[in-house]
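> Before I ask anything, let me first share the structure, which is written out below as structure tokens.
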Amino acid sequence: MTALIALFWRDLRRAWGSGALWLPVLFFLLVATAFPFAVGPDAPLLRRAGGGMVWVAALLSALLPIDRLVKPDKDAGVLDQLAVRGFADELIAAVKIVAHAIGFGLPLLIALLPASALLAQDSARVETLATGIAIAIPALASLALLSAALTANLKGGSAIGGLLILPLAVPMLIFGAGMLDPSGRGAVKLLAAVSLLLTVIGPFAAGAALRGLRE
Amino acid sequence: MTALLRLEDVACIRGDRLLFVRLSLTLERGAALWLRGPNGAGKSSLIRLAAGLLRPAAGTVERRERIALIDEATALDAELPLRRALDFWARIDTVDGHAVDRAMDDMALAPLAEVPVSMLSTGQRKRAAMARVIASGAPIWLLDEPANGMDDAAQARLVAGIAKHRANGGAVLLASHFALGVPDLAELDMGALA
């Protein structure tokens, strides 16, 4: 257990310490800033379209850190050293997913506030957005780690990793943005179901991918 | 005598090349075996097989105890001071800080404790990896070219470290393309297997 906690803190420290954390958050804010310039400062239009834009930006910013999740650890031999010590690949994947969900998810939720303000979202919609994104974060972290593990052996893996994530993340985009629609009351349950499914599959699929890296 | 590590009739295929077949070896407490041979003979593959990082194409690999491994990667976080990078593995191995102190003394690393790993030279990194192995307290050492880039003084410390480990009942599987001067050493010439 001590070992797993050490592993968790190492991932969190590397995420927050390197400054790489601010890249996805900055990207998220950048999209939110650029959108009103593109569609014009029409508040009702921004309010209607902005919620969906927040979801798109959150999804795309989740793709950014893929190349630093697994490949550096693989190249440094850290994954081999953990395997030699008998840690199950699924367990390593699970710890990494939790660390990434917290390391990436918390700043994203904080950045949601200024982003929502830029997109003229009122407090009720901000609440809905925050709930939805909070539900989706574990699944986004799972998907990010899965594609990071699958592409760690490839050159230019992060671009392919993005393509891998996107189709799997589309249901979350639909249900997450659907929560904003007054008629979409079931959307939150569907979003939670999709997120739960992806979160549960994540450690096993990513663990198998980590095992594959050694062959 | 108890065997810490036993390989029986092991075969290894990398890509579509057969590296070796029917290879058997046993490491008992206090034993050390030198895998020698030219580049590409399969020394590293055999080490990875023994470590469980590769699956043998045939045969069985049996490990009775914990393992410590050195390979070409240091597995120390480049941005951390050396001491903290080693402390991470000490926490993973659940050994206390004294074990790290002793291991750093053994490899003469104490003056480098606050230096970031990224600033260390090749030989210093190998010494750091060796300190990680010593601190782990694992009875089976798998060392793949541990002396690469080491100067004479560091090699002497490595040899002394191996001797101390064997005296404490540990076993060492050592892959190296040159002789390190470890006394009382069994040899396996991988070049002759091909």
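Residues are named by chain letter and number: chains run A, B, ... in the order of the structure tokens, numbers start at 1 in each chain, and ligands are numbered from 1 in the order shown.
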Residues of chain A were defined as contacting chain B if any atom lay at most 6 Å from it, counting only C-alpha atoms; please report them as a ChimeraX atom specification.

/A:3,76-78,84

> Just give me the gap between CA of Ala83 in chain A and CA of Met1 in chain A in Å, one decimal is fine.

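So the answer is 15.9 Å.
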
> Skipping near chain neighbours, those fewer than 2 positions away, what residues fall within 7 Å of range 154-165 of chain A using only C-alpha atoms, listed as a list in words?

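Here the qualifying residues turn out to be Leu63, Ile66, Asp67, Leu143, Ala144, Ser147, Ala148, Thr151, Ala152, Pro167, Leu168 and Ala169 of chain A.
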
> I'd like to know which of B:Leu7, B:Leu35, B:Leu82, B:Ile140 is closest to Pro111 in chain B, using only C-alpha atoms.

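Using only C-alpha atoms, Pro111 in chain B sits closest to B:Leu82.
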